[in-house]
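A short write-up of the structure that comes next.
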Amino acid sequence: MTSFTSADGHGAVPTSGVPVDEGSVPHRSQAPLWEVFVRSKRGLSHTHVGSLRAPDAVMALRNARDVYTRRQEGVSLWVVPSTEIVASSPDEKDAFFDPAGDKPYRHPTFYDVPEGLTHL
Amino acid sequence: MSEQLQAEFQAAFQAEVDADGRIEPRDWMPDGYRRTLVRQIAQHAHSEIIGMQPEGNWITRAPSLRRKCILVAKVQDEAGHGLYLYSAAETLGADRDELLDLLHTGRQKYSTIFNYPTTSWADVAAIGWLVDGAAIMNQVPLTRCSYGPYARAMTRVCKEESFHQRQGFEAMTVLANGTPAQRQMAQDALDRWWWPSLMMFGPSDGDSPNSAQSMAWGIKRFSNDELRQRFVDATVPQAEHLGLTVPDPELRLDPETGSYAFGEIDWTEFYAVMKGDGPCNRDRVRNRVAAHEDGAWVREAAAAYADKQARRAAA
Amino acid sequence: MNDTALDTDLLAYTLRLGDDCLVLGQRLSEWAARSPQLEEDVALLNIALDLLGAARTLLTRAGELEGKGRDEDGLAFLRDEPAFTCGLLFEAEGGDFGQTMARQLLVSAYQLPLWQALTASSDELLAGVAGKAAKEAAYHLDHARSWVVRLGDGTEESHRRVQQGLEEVWPYSFELFERDDVVARLVERGVASDPDLLRPVWETTVTEVLKEATLEVPQTTWHPTGGRSGKHLTSFGYLLAEMQHLHRSHPGARW
Ligand SMILES: [Fe+2]
Ligand SMILES: [Fe+2]
């Protein structure tokens with residue numbers, strides 16, 4: 001019997017009868033994987049936040065900015081392919097991170113919750 | 001690996017899980033655990049990116065500039081969620097291209113909820129309120145999942161989902177208090193999205209034999225039915241606040257428990273939609289495949305350029 | 001010149017800037033769930049959000065200058081095609097990813113020096129919008145440059161496609177530097193940036209990028225114009241139909 005779990009965030013999906021990795025798909029032009037580190041504010045060290053795929057360092061850094069700092073989560077980024085470390089320089093901070101500052105609607109506190117209602 | 005060593009690893013793994021600790025990518029883990037996680041995280045990721053479509057197709061039609069911006073930000077977040085999750089799956093040795101291929105060929109699934117059409121603007125509001133609301137119920141426990149990278153991805157996702165749910169509820173509030181036509185639109189959306197939202201939690205516990213194993217592994221913390229009940233209890237008062245009617249004549253509040261009893265879910269519909277017979281299955285997958293195939297030349301160009309640059313640097 | 005005339009010019013100029021941002025934001029958001037890779041969905045929607053944000057401020061201000069009680073939505077959703085004054089380059093269809101990136105390059109290479117110059121505008125609101133928009137445009141230009149270079153110097157197919165996209169949108173760039181009476185008067189007053197000064201900056205940026213991308217600067221004698229006076233491309237009517245339909249179907253409703 002096919003089993004379903006709700007533990008998948010956006011809804012139940014089968015937990016059996018689904019292939020996991022075939023190992024047979026030709027890798028067309030899969031970009032290399034980069035690890036992303038974000039310094040959330042001055043005085044703190046860079047922290048690993050996840051990874052992404054990008055063909056080169058420039059694109060990796062740009063993608064990291066878009067993917068991992070949409071809510072001003074960072075003032076500086078590192079992307080690391082295997083051994084190499086690439087960091088955004090401090091003077092890029094403005095063009096890189098400030099633009100997210102005027103999008104308060106991204107944060108839940110932007111919305112009024114009617115009095116007495118919970119679970120929102 | 002010797003049998004004895006294997007048993008020691010297994011014991012250490014289970015002890016870590018039982019102590020509510022976290023398993024990290026380089027730790028030893030049972031193969032079943034890894035496979036379960038890859039399957040779950042991948043299909044979760046697929047749900048995020050397929051989920052961009054039903055709402056995304058309203059971006060260009062959003063009825064105010066403020067709503068347009070909010071919707072763009074939300075759909076963009078869902079792409080981000082997909083990325084966090086594919087990245088978590090890759091820490092288990094899976095490969096994003098392979099996982100996408102499994103989605104594109106229909107061998108891996110995504111949530112049935114995204115196979116329903118968004119026929120009015122109120123559907124965008126209803127999705128934020130109900131679908132993202134249900135997703136939060138599912139995902140909050142996952143922030144304590146035994147697999148570290150998945151748990152951390154969920155922590156990021158949950159912060160963002162809260163914005164999604166609130167904007168949906170706010171949009172729904174405006175409609176419910178708006179013109180008669182808007183009110184009608186809101187009620188109609190609730191009518192269509194209520195039952196599919198309850199189905200998001202999956203079949204009853206008795207019909208989900210793998211749940212027990214996932215619980216023992218610290219991947220799943222609450223049963224499908226428990227989560228569904230929580231969602232109903234949280235959401236019905238919100239619908240009442242909006243002055244909208246939940247489309248379930250059997251809905252009753254038990255004053256003693258504070259919980260709602262609700263009607264029977266039509267599981268034949270759920271299985272049919274999962275199998276591919278929902279109104280939008282074909283479109284959703286086709287659009288995804290088209291985006292992937294139309295973009296192949298761009299990805300190839302970026303790779304070719306990176307190769308050239310590397311060769312130039314070496315020369 | 002009296003105050004009324006100043007307001008009319010400023011209104012027209014503010015509206016042009018706002019329409020440019022609105023219409024391009026709308027065009028870019030068409031890429032949602034369609035882009036070549038997930039990372040690019042996020043990036044393109046980011047740029048769309050920046051533009052829509054600027055459009056909201058500018059249209060709100062235009063409504064105030066007009067003084068007829070129209071807000072950002074009144075201007076975005078209730079004007080007919082001839083009342084829009086966006087440049088043709090902004091409304092031009094995106095085509096494939098190569099054409100979208102070519103358009104992004106031409107637009108951002110124009111908007112960056114435009115906003116930079118406008119930070120010194122004697123109009124306080126424009127100067128304020130410009131300060132923020134210049135930072136955003138720097139990022140947009142960087143994004144477009146990266147892609148145009150990668151596509152141009154990538155594979156044979158990508159080179160061909162981005163060159164073709166560039167040829168398609170290039171003719172619309174001439175209109176950006178037109179100097180009609182409104183612009184001339186506002187340059188005089190220190191409100192608008194001078195298109196004669198923008199043009200060489202734009203040319204330098206674009207030529208450098210195209211060179212790095214191994215692309216040809218298109219040669220054309222066709223210089224279409226009309227956006228600023230409400231004469232738009234055929235496709236623009238369809239853009240408006242899609243954008244305005246829901247809002248117009250419920251007159252007076254709040255959203
Ligand atoms: Fe999500
Ligand atoms: Fe969401």
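Letters A, B, ... mark the chains of the structure tokens in the order given; residue numbers begin at 1 per chain; ligand numbers begin at 1, in order shown.
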
*asked:* Let me see if you get this right: every residue at most 8 Å from ligand 1, counting only C-alpha atoms and all ligand atoms, written as a list in words.
replied: Gly9 and His10 of chain A; Glu48, Gly51, Asp77, Glu78, Ala79, His81, Gly82, Asp132, Ala135, Val157, Glu160 and Glu161 of chain B

Output of the above residues as a PDB file, in the first residue's frame, restricted to N, CA, C and O atoms:
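Once written, part-v2.pdb looks like this:
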```pdb
ATOM      1  N   GLY A   9       6.196  19.576   3.831  1.00  0.00           N
ATOM      2  CA  GLY A   9       5.612  20.845   4.207  1.00  0.00           C
ATOM      3  C   GLY A   9       4.334  21.233   3.509  1.00  0.00           C
ATOM      4  O   GLY A   9       3.336  21.539   4.133  1.00  0.00           O
ATOM      5  N   HIS A  10       4.300  21.206   2.188  1.00  0.00           N
ATOM      6  CA  HIS A  10       3.132  21.732   1.493  1.00  0.00           C
ATOM      7  C   HIS A  10       2.090  20.674   1.205  1.00  0.00           C
ATOM      8  O   HIS A  10       1.216  20.877   0.395  1.00  0.00           O
TER       9      HIS A  10
ATOM     10  N   GLU B  48       7.285  23.020  -3.420  1.00  0.00           N
ATOM     11  CA  GLU B  48       7.566  24.458  -3.349  1.00  0.00           C
ATOM     12  C   GLU B  48       7.606  25.073  -4.749  1.00  0.00           C
ATOM     13  O   GLU B  48       7.024  26.131  -4.993  1.00  0.00           O
ATOM     14  N   GLY B  51       4.391  24.846  -6.604  1.00  0.00           N
ATOM     15  CA  GLY B  51       3.488  25.762  -5.917  1.00  0.00           C
ATOM     16  C   GLY B  51       3.616  27.205  -6.374  1.00  0.00           C
ATOM     17  O   GLY B  51       2.747  28.038  -6.092  1.00  0.00           O
ATOM     18  N   ASP B  77       9.774  33.872  -2.697  1.00  0.00           N
ATOM     19  CA  ASP B  77      10.127  33.078  -1.514  1.00  0.00           C
ATOM     20  C   ASP B  77       9.982  31.588  -1.788  1.00  0.00           C
ATOM     21  O   ASP B  77      10.799  30.783  -1.351  1.00  0.00           O
ATOM     22  N   GLU B  78       8.920  31.206  -2.509  1.00  0.00           N
ATOM     23  CA  GLU B  78       8.694  29.779  -2.751  1.00  0.00           C
ATOM     24  C   GLU B  78       9.833  29.203  -3.599  1.00  0.00           C
ATOM     25  O   GLU B  78      10.261  28.069  -3.371  1.00  0.00           O
ATOM     26  N   ALA B  79      10.320  29.982  -4.562  1.00  0.00           N
ATOM     27  CA  ALA B  79      11.495  29.531  -5.317  1.00  0.00           C
ATOM     28  C   ALA B  79      12.668  29.353  -4.361  1.00  0.00           C
ATOM     29  O   ALA B  79      13.413  28.366  -4.436  1.00  0.00           O
ATOM     30  N   HIS B  81      12.484  28.638  -1.171  1.00  0.00           N
ATOM     31  CA  HIS B  81      12.249  27.429  -0.370  1.00  0.00           C
ATOM     32  C   HIS B  81      12.673  26.188  -1.149  1.00  0.00           C
ATOM     33  O   HIS B  81      13.286  25.277  -0.604  1.00  0.00           O
ATOM     34  N   GLY B  82      12.321  26.174  -2.440  1.00  0.00           N
ATOM     35  CA  GLY B  82      12.743  25.056  -3.274  1.00  0.00           C
ATOM     36  C   GLY B  82      14.262  24.919  -3.240  1.00  0.00           C
ATOM     37  O   GLY B  82      14.801  23.826  -3.063  1.00  0.00           O
ATOM     38  N   ASP B 132      -0.746  27.854   2.927  1.00  0.00           N
ATOM     39  CA  ASP B 132       0.463  28.183   3.684  1.00  0.00           C
ATOM     40  C   ASP B 132       0.230  27.956   5.176  1.00  0.00           C
ATOM     41  O   ASP B 132       1.148  27.579   5.913  1.00  0.00           O
ATOM     42  N   ALA B 135       0.724  24.388   5.660  1.00  0.00           N
ATOM     43  CA  ALA B 135       2.157  24.111   5.508  1.00  0.00           C
ATOM     44  C   ALA B 135       2.898  24.455   6.798  1.00  0.00           C
ATOM     45  O   ALA B 135       3.806  23.735   7.216  1.00  0.00           O
ATOM     46  N   VAL B 157      12.476  28.534   6.383  1.00  0.00           N
ATOM     47  CA  VAL B 157      11.214  28.503   5.648  1.00  0.00           C
ATOM     48  C   VAL B 157      10.057  28.972   6.538  1.00  0.00           C
ATOM     49  O   VAL B 157       9.206  29.754   6.110  1.00  0.00           O
ATOM     50  N   GLU B 160       9.479  32.597   6.871  1.00  0.00           N
ATOM     51  CA  GLU B 160       8.906  33.216   5.677  1.00  0.00           C
ATOM     52  C   GLU B 160       7.443  32.821   5.488  1.00  0.00           C
ATOM     53  O   GLU B 160       6.641  33.621   5.012  1.00  0.00           O
ATOM     54  N   GLU B 161       7.107  31.593   5.874  1.00  0.00           N
ATOM     55  CA  GLU B 161       5.722  31.142   5.711  1.00  0.00           C
ATOM     56  C   GLU B 161       4.759  31.986   6.534  1.00  0.00           C
ATOM     57  O   GLU B 161       3.608  32.172   6.172  1.00  0.00           O
TER      58      GLU B 161
END
```

Which residues form the shell of 12 Å around ligand 2 when you count only C-alpha atoms and all ligand atoms, given as an mmCIF file with N, CA and C atoms, in the first residue's frame?
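Result file is result.cif:
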```cif
data_model
loop_
_atom_site.group_PDB
_atom_site.id
_atom_site.type_symbol
_atom_site.label_atom_id
_atom_site.label_comp_id
_atom_site.auth_asym_id
_atom_site.auth_seq_id
_atom_site.Cartn_x
_atom_site.Cartn_y
_atom_site.Cartn_z
ATOM 1 N N GLY A 9 6.196 19.576 3.831
ATOM 2 C CA GLY A 9 5.612 20.845 4.207
ATOM 3 C C GLY A 9 4.334 21.233 3.509
ATOM 4 N N HIS A 10 4.300 21.206 2.188
ATOM 5 C CA HIS A 10 3.132 21.732 1.493
ATOM 6 C C HIS A 10 2.090 20.674 1.205
ATOM 7 N N GLY A 11 2.176 19.549 1.876
ATOM 8 C CA GLY A 11 1.110 18.580 1.704
ATOM 9 C C GLY A 11 1.623 17.176 1.545
ATOM 10 N N ARG A 106 7.417 41.960 3.465
ATOM 11 C CA ARG A 106 7.973 40.617 3.525
ATOM 12 C C ARG A 106 7.920 40.039 4.934
ATOM 13 N N HIS B 44 9.192 17.576 -1.107
ATOM 14 C CA HIS B 44 8.878 18.851 -0.470
ATOM 15 C C HIS B 44 9.363 19.995 -1.372
ATOM 16 N N ALA B 45 10.589 19.846 -1.873
ATOM 17 C CA ALA B 45 11.141 20.868 -2.779
ATOM 18 C C ALA B 45 10.283 20.988 -4.043
ATOM 19 N N SER B 47 7.174 20.412 -4.335
ATOM 20 C CA SER B 47 5.925 21.091 -3.982
ATOM 21 C C SER B 47 6.130 22.599 -3.938
ATOM 22 N N GLU B 48 7.285 23.020 -3.420
ATOM 23 C CA GLU B 48 7.566 24.458 -3.349
ATOM 24 C C GLU B 48 7.606 25.073 -4.749
ATOM 25 N N ILE B 49 8.292 24.417 -5.667
ATOM 26 C CA ILE B 49 8.477 25.079 -6.968
ATOM 27 C C ILE B 49 7.250 24.922 -7.865
ATOM 28 N N ILE B 50 6.567 23.781 -7.759
ATOM 29 C CA ILE B 50 5.307 23.663 -8.508
ATOM 30 C C ILE B 50 4.293 24.646 -7.916
ATOM 31 N N GLY B 51 4.391 24.846 -6.604
ATOM 32 C CA GLY B 51 3.488 25.762 -5.917
ATOM 33 C C GLY B 51 3.616 27.205 -6.374
ATOM 34 N N MET B 52 4.677 27.535 -7.088
ATOM 35 C CA MET B 52 4.809 28.897 -7.619
ATOM 36 C C MET B 52 3.764 29.161 -8.708
ATOM 37 N N GLU B 55 -0.275 30.508 -7.962
ATOM 38 C CA GLU B 55 -0.330 31.908 -7.557
ATOM 39 C C GLU B 55 0.402 32.795 -8.546
ATOM 40 N N LEU B 71 2.662 39.664 -3.742
ATOM 41 C CA LEU B 71 2.584 38.371 -4.415
ATOM 42 C C LEU B 71 3.911 38.006 -5.077
ATOM 43 N N VAL B 72 4.553 38.985 -5.701
ATOM 44 C CA VAL B 72 5.864 38.721 -6.298
ATOM 45 C C VAL B 72 6.828 38.248 -5.209
ATOM 46 N N ALA B 73 6.814 38.934 -4.061
ATOM 47 C CA ALA B 73 7.724 38.566 -2.968
ATOM 48 C C ALA B 73 7.417 37.156 -2.474
ATOM 49 N N LYS B 74 6.146 36.816 -2.427
ATOM 50 C CA LYS B 74 5.769 35.496 -1.927
ATOM 51 C C LYS B 74 6.198 34.391 -2.895
ATOM 52 N N VAL B 75 5.896 34.587 -4.165
ATOM 53 C CA VAL B 75 6.253 33.572 -5.157
ATOM 54 C C VAL B 75 7.775 33.417 -5.223
ATOM 55 N N GLN B 76 8.466 34.536 -5.071
ATOM 56 C CA GLN B 76 9.920 34.496 -5.047
ATOM 57 C C GLN B 76 10.410 33.678 -3.851
ATOM 58 N N ASP B 77 9.774 33.872 -2.697
ATOM 59 C CA ASP B 77 10.127 33.078 -1.514
ATOM 60 C C ASP B 77 9.982 31.588 -1.788
ATOM 61 N N GLU B 78 8.920 31.206 -2.509
ATOM 62 C CA GLU B 78 8.694 29.779 -2.751
ATOM 63 C C GLU B 78 9.833 29.203 -3.599
ATOM 64 N N ALA B 79 10.320 29.982 -4.562
ATOM 65 C CA ALA B 79 11.495 29.531 -5.317
ATOM 66 C C ALA B 79 12.668 29.353 -4.361
ATOM 67 N N GLY B 80 12.812 30.293 -3.435
ATOM 68 C CA GLY B 80 13.870 30.192 -2.424
ATOM 69 C C GLY B 80 13.705 28.936 -1.575
ATOM 70 N N HIS B 81 12.484 28.638 -1.171
ATOM 71 C CA HIS B 81 12.249 27.429 -0.370
ATOM 72 C C HIS B 81 12.673 26.188 -1.149
ATOM 73 N N GLY B 82 12.321 26.174 -2.440
ATOM 74 C CA GLY B 82 12.743 25.056 -3.274
ATOM 75 C C GLY B 82 14.262 24.919 -3.240
ATOM 76 N N VAL B 124 -5.862 33.304 -4.570
ATOM 77 C CA VAL B 124 -4.527 33.690 -4.115
ATOM 78 C C VAL B 124 -4.566 33.947 -2.603
ATOM 79 N N ALA B 125 -5.615 34.650 -2.175
ATOM 80 C CA ALA B 125 -5.780 34.919 -0.751
ATOM 81 C C ALA B 125 -5.991 33.612 0.011
ATOM 82 N N ALA B 126 -6.835 32.740 -0.534
ATOM 83 C CA ALA B 126 -7.149 31.484 0.150
ATOM 84 C C ALA B 126 -5.913 30.592 0.254
ATOM 85 N N ILE B 127 -5.089 30.589 -0.775
ATOM 86 C CA ILE B 127 -3.878 29.766 -0.727
ATOM 87 C C ILE B 127 -2.963 30.257 0.394
ATOM 88 N N GLY B 128 -2.764 31.563 0.464
ATOM 89 C CA GLY B 128 -1.913 32.096 1.528
ATOM 90 C C GLY B 128 -2.454 31.723 2.899
ATOM 91 N N TRP B 129 -3.714 31.947 3.078
ATOM 92 C CA TRP B 129 -4.334 31.699 4.382
ATOM 93 C C TRP B 129 -4.381 30.200 4.717
ATOM 94 N N LEU B 130 -4.939 29.387 3.810
ATOM 95 C CA LEU B 130 -5.164 27.975 4.123
ATOM 96 C C LEU B 130 -3.971 27.078 3.787
ATOM 97 N N VAL B 131 -3.463 27.202 2.575
ATOM 98 C CA VAL B 131 -2.409 26.280 2.142
ATOM 99 C C VAL B 131 -1.105 26.577 2.868
ATOM 100 N N ASP B 132 -0.746 27.854 2.927
ATOM 101 C CA ASP B 132 0.463 28.183 3.684
ATOM 102 C C ASP B 132 0.230 27.956 5.176
ATOM 103 N N GLY B 133 -1.018 28.167 5.617
ATOM 104 C CA GLY B 133 -1.348 27.888 7.023
ATOM 105 C C GLY B 133 -1.154 26.417 7.348
ATOM 106 N N ALA B 134 -1.626 25.555 6.464
ATOM 107 C CA ALA B 134 -1.450 24.113 6.665
ATOM 108 C C ALA B 134 0.026 23.744 6.573
ATOM 109 N N ALA B 135 0.724 24.388 5.660
ATOM 110 C CA ALA B 135 2.157 24.111 5.508
ATOM 111 C C ALA B 135 2.898 24.455 6.798
ATOM 112 N N ILE B 136 2.494 25.532 7.448
ATOM 113 C CA ILE B 136 3.154 25.905 8.698
ATOM 114 C C ILE B 136 2.932 24.825 9.760
ATOM 115 N N MET B 137 1.693 24.320 9.844
ATOM 116 C CA MET B 137 1.402 23.233 10.790
ATOM 117 C C MET B 137 2.349 22.052 10.568
ATOM 118 N N ASN B 138 2.580 21.750 9.303
ATOM 119 C CA ASN B 138 3.465 20.633 8.956
ATOM 120 C C ASN B 138 4.924 20.945 9.229
ATOM 121 N N GLN B 139 5.293 22.181 8.935
ATOM 122 C CA GLN B 139 6.723 22.499 8.898
ATOM 123 C C GLN B 139 7.298 22.895 10.248
ATOM 124 N N MET B 154 14.106 24.242 7.398
ATOM 125 C CA MET B 154 12.736 24.489 7.842
ATOM 126 C C MET B 154 12.633 25.716 8.737
ATOM 127 N N ARG B 156 14.366 28.451 8.436
ATOM 128 C CA ARG B 156 14.306 29.604 7.511
ATOM 129 C C ARG B 156 12.937 29.683 6.855
ATOM 130 N N VAL B 157 12.476 28.534 6.383
ATOM 131 C CA VAL B 157 11.214 28.503 5.648
ATOM 132 C C VAL B 157 10.057 28.972 6.538
ATOM 133 N N CYS B 158 10.044 28.507 7.772
ATOM 134 C CA CYS B 158 8.913 28.836 8.654
ATOM 135 C C CYS B 158 8.801 30.335 8.913
ATOM 136 N N LYS B 159 9.948 30.993 9.051
ATOM 137 C CA LYS B 159 9.917 32.447 9.241
ATOM 138 C C LYS B 159 9.208 33.103 8.078
ATOM 139 N N GLU B 160 9.479 32.597 6.871
ATOM 140 C CA GLU B 160 8.906 33.216 5.677
ATOM 141 C C GLU B 160 7.443 32.821 5.488
ATOM 142 N N GLU B 161 7.107 31.593 5.874
ATOM 143 C CA GLU B 161 5.722 31.142 5.711
ATOM 144 C C GLU B 161 4.759 31.986 6.534
ATOM 145 N N SER B 162 5.250 32.470 7.639
ATOM 146 C CA SER B 162 4.391 33.275 8.492
ATOM 147 C C SER B 162 3.933 34.532 7.743
ATOM 148 N N PHE B 163 4.858 35.143 6.993
ATOM 149 C CA PHE B 163 4.476 36.273 6.118
ATOM 150 C C PHE B 163 3.450 35.813 5.082
ATOM 151 N N HIS B 164 3.644 34.632 4.536
ATOM 152 C CA HIS B 164 2.727 34.148 3.497
ATOM 153 C C HIS B 164 1.315 33.996 4.038
ATOM 154 N N GLN B 165 1.223 33.396 5.213
ATOM 155 C CA GLN B 165 -0.107 33.152 5.760
ATOM 156 C C GLN B 165 -0.791 34.470 6.110
ATOM 157 N N ARG B 166 -0.030 35.376 6.710
ATOM 158 C CA ARG B 166 -0.654 36.644 7.121
ATOM 159 C C ARG B 166 -1.115 37.484 5.946
ATOM 160 N N GLN B 167 -0.302 37.521 4.894
ATOM 161 C CA GLN B 167 -0.744 38.321 3.749
ATOM 162 C C GLN B 167 -1.995 37.708 3.147
ATOM 163 N N GLY B 168 -2.075 36.363 3.170
ATOM 164 C CA GLY B 168 -3.259 35.698 2.633
ATOM 165 C C GLY B 168 -4.495 36.023 3.453
#
```

*Near chain B, which residues of chain C fall within 8 Å when you count only C-alpha atoms, and what do they look like as a ChimeraX atom specification?*
/C:26,29-30,32-39,41-42,45-46,49,52-53,56,72-73,76-77,97,150-151,153-155,157-158,242-247,253-255

Could those selected residues go to a file with C-alpha atoms, as an mmCIF file, in the first residue's frame?
```cif
data_model
loop_
_atom_site.group_PDB
_atom_site.id
_atom_site.type_symbol
_atom_site.label_atom_id
_atom_site.label_comp_id
_atom_site.auth_asym_id
_atom_site.auth_seq_id
_atom_site.Cartn_x
_atom_site.Cartn_y
_atom_site.Cartn_z
ATOM 1 C CA GLN C 26 5.268 43.972 -15.069
ATOM 2 C CA SER C 29 7.332 39.430 -13.402
ATOM 3 C CA GLU C 30 6.125 37.452 -16.425
ATOM 4 C CA ALA C 32 7.838 33.853 -12.536
ATOM 5 C CA ALA C 33 8.186 30.051 -12.623
ATOM 6 C CA ARG C 34 9.491 30.205 -16.218
ATOM 7 C CA SER C 35 13.142 31.137 -15.916
ATOM 8 C CA PRO C 36 16.103 28.944 -16.946
ATOM 9 C CA GLN C 37 16.921 27.995 -13.360
ATOM 10 C CA LEU C 38 15.455 28.519 -9.904
ATOM 11 C CA GLU C 39 18.165 30.945 -8.912
ATOM 12 C CA ASP C 41 13.492 33.107 -10.831
ATOM 13 C CA VAL C 42 14.615 34.634 -7.565
ATOM 14 C CA LEU C 45 11.643 38.725 -9.352
ATOM 15 C CA ASN C 46 14.007 40.723 -7.153
ATOM 16 C CA LEU C 49 10.212 44.131 -7.039
ATOM 17 C CA LEU C 52 7.560 48.067 -8.857
ATOM 18 C CA GLY C 53 8.597 49.666 -5.569
ATOM 19 C CA ARG C 56 4.615 52.988 -6.548
ATOM 20 C CA GLU C 72 -0.903 54.856 -7.544
ATOM 21 C CA ASP C 73 -3.610 52.346 -8.429
ATOM 22 C CA ALA C 76 -1.742 52.196 -12.940
ATOM 23 C CA PHE C 77 -5.094 50.556 -13.521
ATOM 24 C CA PHE C 97 16.022 34.926 -21.871
ATOM 25 C CA ARG C 150 27.992 34.721 -20.397
ATOM 26 C CA LEU C 151 25.488 34.353 -23.198
ATOM 27 C CA ASP C 153 30.779 34.422 -24.882
ATOM 28 C CA GLY C 154 29.089 31.117 -24.006
ATOM 29 C CA THR C 155 28.023 28.710 -26.730
ATOM 30 C CA GLU C 157 23.629 29.060 -29.788
ATOM 31 C CA SER C 158 23.653 31.497 -26.873
ATOM 32 C CA GLU C 242 -3.985 41.723 -18.580
ATOM 33 C CA MET C 243 -2.764 44.087 -15.877
ATOM 34 C CA GLN C 244 -5.926 46.168 -15.575
ATOM 35 C CA HIS C 245 -8.710 43.694 -16.151
ATOM 36 C CA LEU C 246 -9.380 42.586 -12.581
ATOM 37 C CA HIS C 247 -9.079 46.043 -11.080
ATOM 38 C CA ALA C 253 -13.407 48.077 -4.736
ATOM 39 C CA ARG C 254 -10.537 47.948 -2.234
ATOM 40 C CA TRP C 255 -8.024 45.126 -2.404
#
```

*asked:* Using only C-alpha atoms, which protein or nucleic acid residues come within 9 Å of region 56-61 of chain A? Drop anything in the same chain fewer than 6 positions from it, and give the result as an MDAnalysis selection string.
replied: (chainID A and resid 31:34 36 77:81 86:88) or (chainID B and resid 302:303 305:307) or (chainID C and resid 143 146)

Can I get the selected residues back with N, CA, C and O atoms, as a CSV table (one decimal), in the first residue's frame?
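Writing the result to selection.csv gives the following:
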```csv
chain,number,residue,atom,x,y,z
A,31,ALA,N,25.7,22.8,-13.0
A,31,ALA,CA,26.7,23.7,-12.4
A,31,ALA,C,27.2,23.2,-11.1
A,31,ALA,O,26.5,22.4,-10.4
A,32,PRO,N,28.5,23.5,-10.7
A,32,PRO,CA,29.0,23.0,-9.5
A,32,PRO,C,28.3,23.6,-8.2
A,32,PRO,O,27.6,24.6,-8.3
A,33,LEU,N,28.5,22.9,-7.1
A,33,LEU,CA,27.8,23.3,-5.9
A,33,LEU,C,28.7,24.2,-5.1
A,33,LEU,O,29.9,24.0,-5.0
A,34,TRP,N,28.1,25.2,-4.5
A,34,TRP,CA,28.8,26.2,-3.6
A,34,TRP,C,28.2,26.2,-2.3
A,34,TRP,O,27.0,26.2,-2.2
A,36,VAL,N,27.4,28.4,1.1
A,36,VAL,CA,27.1,29.8,1.3
A,36,VAL,C,27.3,30.2,2.8
A,36,VAL,O,26.7,29.5,3.6
A,77,LEU,N,28.9,38.1,2.4
A,77,LEU,CA,28.7,36.7,2.0
A,77,LEU,C,30.0,36.0,1.6
A,77,LEU,O,30.9,36.7,1.0
A,78,TRP,N,30.1,34.8,1.9
A,78,TRP,CA,31.2,34.0,1.3
A,78,TRP,C,30.5,32.8,0.5
A,78,TRP,O,29.5,32.3,1.0
A,79,VAL,N,31.1,32.5,-0.7
A,79,VAL,CA,30.7,31.3,-1.3
A,79,VAL,C,32.0,30.4,-1.5
A,79,VAL,O,33.0,31.0,-1.8
A,80,VAL,N,31.9,29.2,-1.2
A,80,VAL,CA,33.0,28.3,-1.2
A,80,VAL,C,32.9,27.1,-2.0
A,80,VAL,O,32.1,26.2,-1.7
A,81,PRO,N,33.6,27.0,-3.1
A,81,PRO,CA,33.7,25.8,-3.9
A,81,PRO,C,34.8,24.9,-3.4
A,81,PRO,O,36.0,25.4,-3.4
A,86,VAL,N,35.5,32.7,-1.7
A,86,VAL,CA,35.3,34.0,-2.3
A,86,VAL,C,34.4,34.8,-1.4
A,86,VAL,O,33.3,34.4,-1.0
A,87,ALA,N,34.8,36.1,-1.1
A,87,ALA,CA,33.9,36.9,-0.3
A,87,ALA,C,33.5,38.2,-1.0
A,87,ALA,O,34.3,38.7,-1.8
A,88,SER,N,32.3,38.7,-0.6
A,88,SER,CA,31.9,40.0,-1.1
A,88,SER,C,32.7,41.0,-0.3
A,88,SER,O,32.8,40.9,0.9
B,302,ALA,N,26.2,29.3,-19.6
B,302,ALA,CA,26.9,29.7,-18.4
B,302,ALA,C,28.1,28.7,-18.1
B,302,ALA,O,29.2,29.1,-17.7
B,303,ALA,N,27.8,27.4,-18.3
B,303,ALA,CA,28.8,26.4,-18.1
B,303,ALA,C,30.0,26.6,-19.0
B,303,ALA,O,31.1,26.5,-18.7
B,305,TYR,N,30.9,29.3,-20.6
B,305,TYR,CA,31.7,30.5,-20.3
B,305,TYR,C,32.6,30.2,-19.1
B,305,TYR,O,33.8,30.6,-19.1
B,306,ALA,N,32.1,29.5,-18.0
B,306,ALA,CA,32.9,29.2,-16.9
B,306,ALA,C,34.1,28.4,-17.3
B,306,ALA,O,35.2,28.6,-16.8
B,307,ASP,N,33.9,27.4,-18.2
B,307,ASP,CA,35.0,26.6,-18.7
B,307,ASP,C,36.1,27.4,-19.4
B,307,ASP,O,37.3,27.3,-19.1
C,143,HIS,N,23.9,42.5,-12.8
C,143,HIS,CA,23.2,41.2,-13.2
C,143,HIS,C,23.1,41.1,-14.7
C,143,HIS,O,23.5,40.0,-15.3
C,146,SER,N,26.5,40.5,-16.3
C,146,SER,CA,27.0,39.1,-16.1
C,146,SER,C,26.4,38.2,-17.1
C,146,SER,O,27.0,37.3,-17.7
```

Residues of chain C that have any atom at most 7 Å from an atom of chain A: could you tabulate them with the shortest-distance atom pair and the distance in Å to one decimal, using only C-alpha atoms, ordered by chain and increasing number, as a Markdown table?
```
| residue | atom | partner | partner_atom | distance |
| --- | --- | --- | --- | --- |
| C:Glu39 | CA | A:Asn63 | CA | 5.9 |
| C:Val42 | CA | A:Asp66 | CA | 6.3 |
| C:Ala43 | CA | A:Asp66 | CA | 5.9 |
| C:Lys135 | CA | A:Ala95 | CA | 4.8 |
| C:Glu136 | CA | A:Pro99 | CA | 6.2 |
| C:Ala138 | CA | A:Ala95 | CA | 6.5 |
| C:Tyr139 | CA | A:Ala95 | CA | 6.0 |
```
